[in-house]
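Working notes, beginning with the structure itself.
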Amino acid sequence: MKKVGVIILAAGKGKRMNAGSVNKVTLSLGKKPIIVRIIDFMQQLRIDSIVVVVGHAKESVTKALKNKRVIFSEQKEQLGTGHAVQTALADLPRNITDVVVVYGDDAVFYSKKNKPYVTKMISKHLVSSSDISMLTIEQENPQGLGRIIRDRDNNLASIVEEKDASEKERKITEINPGCFIFSVEFLKKYLSEIKKSTVTNEFYLTSLVDVAIQNNIKVNAVKAGKLAWRGVNTPEELVEANKLLNMDHK
């Protein structure tokens, strides 16, 4: 029987946020820490095994989650999101067969309105016994975001970062909000194949999409349409995230 867990990536320094001695995932969004919102959402999906990857300012994260049933996994060196998932796998309960992976600063996305889409992604993944599935959303202004490239059969062909995108690709409005589900077996087999970025010397989780495609493994890219989403990397983006959250609650 399949059993689903969650890995929440919350180890990064978030340099642009200038959050001082705390990790940015502990900053308040609508009077509640960002990461607490994500955990509350996941627990509504009846997912019990939640692994939170900590690193930078880890004490601020563990303190914010002191009343939550979570497993902490420490990423002692911040070597990217792919490496963070590898760290978490060692602490994931052995009975977990498939794992949702999300970023710890994306709380706006994990709201009541978006719950059906996340549920649909998980269900589709489990029913089809997929190795890797992800949600995609539409953004009117996708500037700075990775674009979803599809082939003639409408299957996902790659995720292209804006700096690497052609003029035609930059006009694509379908983007990756960072909501994935993987079979644990797939992660154990292919995480080691991720190549280190020559720019940042980090291992990126999104590189697993390319690894899957290179190995003729289909990636389920589930379209969720125009949903409220805002990654929080700067103080300005936190203000924007609060506005989106308020609109979502109206």
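Chain labels follow the order of the structure tokens: the first chain is A, the next B, and so on; residue numbering restarts at 1 in every chain, and ligands are counted from 1 in their shown order.
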* All residues 7 Å or closer to region 83-90 of chain A, only C-alpha atoms, same chain fewer than 5 positions away omitted, as JSON, numbers by chain -> {"A": [7, 9, 51, 53, 73, 75, 191, 203]}
Using only C-alpha atoms, which residues of region 197-248 of chain A come within 6 Å of region 113-136 of chain A, and what is the closest atom pair for each, with the distance in Å to one decimal? Give it as a Markdown table, sorted by chain and residue number.
| residue | atom | partner | partner_atom | distance |
| --- | --- | --- | --- | --- |
| A:Val219 | CA | A:Ile132 | CA | 5.4 |
| A:Asn220 | CA | A:Ser133 | CA | 4.4 |
| A:Ala221 | CA | A:Met134 | CA | 5.0 |
| A:Val222 | CA | A:Leu135 | CA | 4.8 |
| A:Lys223 | CA | A:Thr136 | CA | 5.0 |
| A:Ala224 | CA | A:Thr136 | CA | 5.9 |
How would the residues just chosen look if you wrote them out with N, CA and C atoms as an mmCIF file, in the first residue's frame?
data_model
loop_
_atom_site.group_PDB
_atom_site.id
_atom_site.type_symbol
_atom_site.label_atom_id
_atom_site.label_comp_id
_atom_site.auth_asym_id
_atom_site.auth_seq_id
_atom_site.Cartn_x
_atom_site.Cartn_y
_atom_site.Cartn_z
ATOM 1 N N VAL A 219 7.186 12.542 -16.984
ATOM 2 C CA VAL A 219 6.900 13.458 -15.879
ATOM 3 C C VAL A 219 5.461 13.922 -16.008
ATOM 4 N N ASN A 220 4.637 13.625 -15.022
ATOM 5 C CA ASN A 220 3.256 14.114 -15.017
ATOM 6 C C ASN A 220 3.265 15.589 -14.653
ATOM 7 N N ALA A 221 2.951 16.461 -15.585
ATOM 8 C CA ALA A 221 2.866 17.891 -15.302
ATOM 9 C C ALA A 221 1.397 18.280 -15.304
ATOM 10 N N VAL A 222 0.827 18.420 -14.118
ATOM 11 C CA VAL A 222 -0.612 18.654 -13.955
ATOM 12 C C VAL A 222 -0.912 20.151 -13.977
ATOM 13 N N LYS A 223 -1.670 20.580 -14.979
ATOM 14 C CA LYS A 223 -1.996 22.006 -15.104
ATOM 15 C C LYS A 223 -3.028 22.419 -14.059
ATOM 16 N N ALA A 224 -2.716 23.501 -13.340
ATOM 17 C CA ALA A 224 -3.648 24.000 -12.315
ATOM 18 C C ALA A 224 -4.204 25.376 -12.671
#
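CA of Pro177 (chain A) is found 14.3 Å from CA of Ser158 (chain A).
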* Asked: Looking at A:Gln78, A:Phe182, A:Tyr204, A:Lys196, which one is nearest to Lys218 (chain A), with distances taken over only C-alpha atoms?
  -> A:Phe182
Go through region 97-124 of chain A residue by residue and, counting only C-alpha atoms, keep those with an atom at most 9 Å from region 243-248 of chain A; for each kept residue give the shortest atom pair and its distance in Å to one decimal, ordered by chain and increasing number, as a tab-separated table.
residue	atom	partner	partner_atom	distance
A:Ala107	CA	A:Leu245	CA	8.9
A:Val108	CA	A:Leu245	CA	5.9
A:Phe109	CA	A:Leu245	CA	8.9
A:Ser111	CA	A:Asp248	CA	7.8
A:Lys112	CA	A:Asp248	CA	8.6
A:Lys113	CA	A:Asp248	CA	7.4
Could you save the residues just selected, with C-alpha atoms, as a compact mmCIF listing (two decimals), in the first residue's frame?
# COMPACT_ATOMS: atom_id res chain seq x y z
CA ALA A 107 2.87 29.47 1.86
CA VAL A 108 0.53 31.55 -0.33
CA PHE A 109 0.21 28.57 -2.68
CA SER A 111 -4.30 27.75 0.80
CA LYS A 112 -7.81 26.34 1.01
CA LYS A 113 -8.61 27.45 -2.56
* Asked: Could you pull out the alpha helix (DSSP H) residues of region 20-123 of chain A from DSSP and send them as a PyMOL selection string?
  -> chain A and resi 34-44+58-64+81-89+115-123
* Compile the contact shell of Pro93 (chain A) as a ChimeraX atom specification: residues with an atom at most 12 Å away, counting only C-alpha atoms, same-chain residues fewer than 5 positions apart removed. => /A:3-7,48-51,70-73,88,98-99,184
Preceding selection exported with C-alpha atoms as a short mmCIF file (atom, residue, chain, number, x, y, z; two decimals), in the first residue's frame:
data_model
loop_
_atom_site.label_atom_id
_atom_site.label_comp_id
_atom_site.auth_asym_id
_atom_site.auth_seq_id
_atom_site.Cartn_x
_atom_site.Cartn_y
_atom_site.Cartn_z
CA LYS A 3 1.98 5.89 1.88
CA VAL A 4 2.67 9.59 1.27
CA GLY A 5 5.03 11.83 3.21
CA VAL A 6 6.21 15.42 2.77
CA ILE A 7 9.62 17.07 2.67
CA ASP A 48 1.40 12.54 8.86
CA SER A 49 5.09 12.12 8.09
CA ILE A 50 6.48 15.60 7.53
CA VAL A 51 10.24 16.10 7.31
CA VAL A 70 7.43 16.99 12.40
CA ILE A 71 10.79 15.32 11.86
CA PHE A 72 13.77 17.66 11.57
CA SER A 73 16.59 16.82 9.16
CA ALA A 88 15.84 14.40 4.19
CA ASP A 98 5.97 8.58 -2.24
CA VAL A 99 6.91 12.03 -1.04
CA VAL A 184 10.96 7.36 -2.97
#
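Distance-wise, CA of Ile194 (chain A) and CA of Glu77 (chain A) end up 16.8 Å apart.
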* Atomic distance CA of Gln44 (chain A) - CA of Arg69 (chain A), expressed in Å with one decimal ->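 According to the coordinates, CA of Gln44 (chain A) and CA of Arg69 (chain A) are separated by 13.1 Å.
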* What residues in region 34-121 of chain A get the DSSP label strand (DSSP E)? Please answer as number ranges by chain. -> A: 50-54, 71-74, 98-103
Could you please take those selected residues and save C-alpha atoms as a CSV table (one decimal), in the first residue's frame?
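again.csv was written with the following content:
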chain,number,residue,atom,x,y,z
A,50,ILE,CA,6.5,15.6,7.5
A,51,VAL,CA,10.2,16.1,7.3
A,52,VAL,CA,11.5,19.7,7.6
A,53,VAL,CA,15.0,20.3,6.3
A,54,VAL,CA,16.7,22.9,8.5
A,71,ILE,CA,10.8,15.3,11.9
A,72,PHE,CA,13.8,17.7,11.6
A,73,SER,CA,16.6,16.8,9.2
A,74,GLU,CA,19.7,19.0,9.3
A,98,ASP,CA,6.0,8.6,-2.2
A,99,VAL,CA,6.9,12.0,-1.0
A,100,VAL,CA,5.6,15.5,-1.8
A,101,VAL,CA,8.5,18.1,-1.9
A,102,VAL,CA,7.8,21.8,-1.5
A,103,TYR,CA,9.7,25.0,-0.7
* Using only C-alpha atoms, which of A:Leu29, A:Ala57, A:Ile172, A:Met42 sits nearest Ala11 (chain A)? -> A:Ala57
* Taking only C-alpha atoms into account, which of A:Leu238, A:Ala212, A:Ala228, A:Leu45 comes nearest Leu187 (chain A)? -> A:Ala212
* Check the smallest atom-to-atom distance from each of A:Glu185, A:Glu140, A:Arg147, A:Gly30 to Ser166 (chain A) using only C-alpha atoms, then report the winner. =>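 Among the listed residues, A:Arg147 lies closest to Ser166 (chain A).
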* Structure fact -> Thr26 (chain A) proximity check over A:Asp40, A:Asp153, A:Asp91, A:Asp105, using only C-alpha atoms: winner is A:Asp105
* Asked: For Asn155 (chain A), which residue among A:Ile96, A:Ile213, A:Met1, A:Leu79 is the nearest when counting only C-alpha atoms?
  ->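 Of the candidates, the smallest distance to Asn155 (chain A) is held by A:Ile213.
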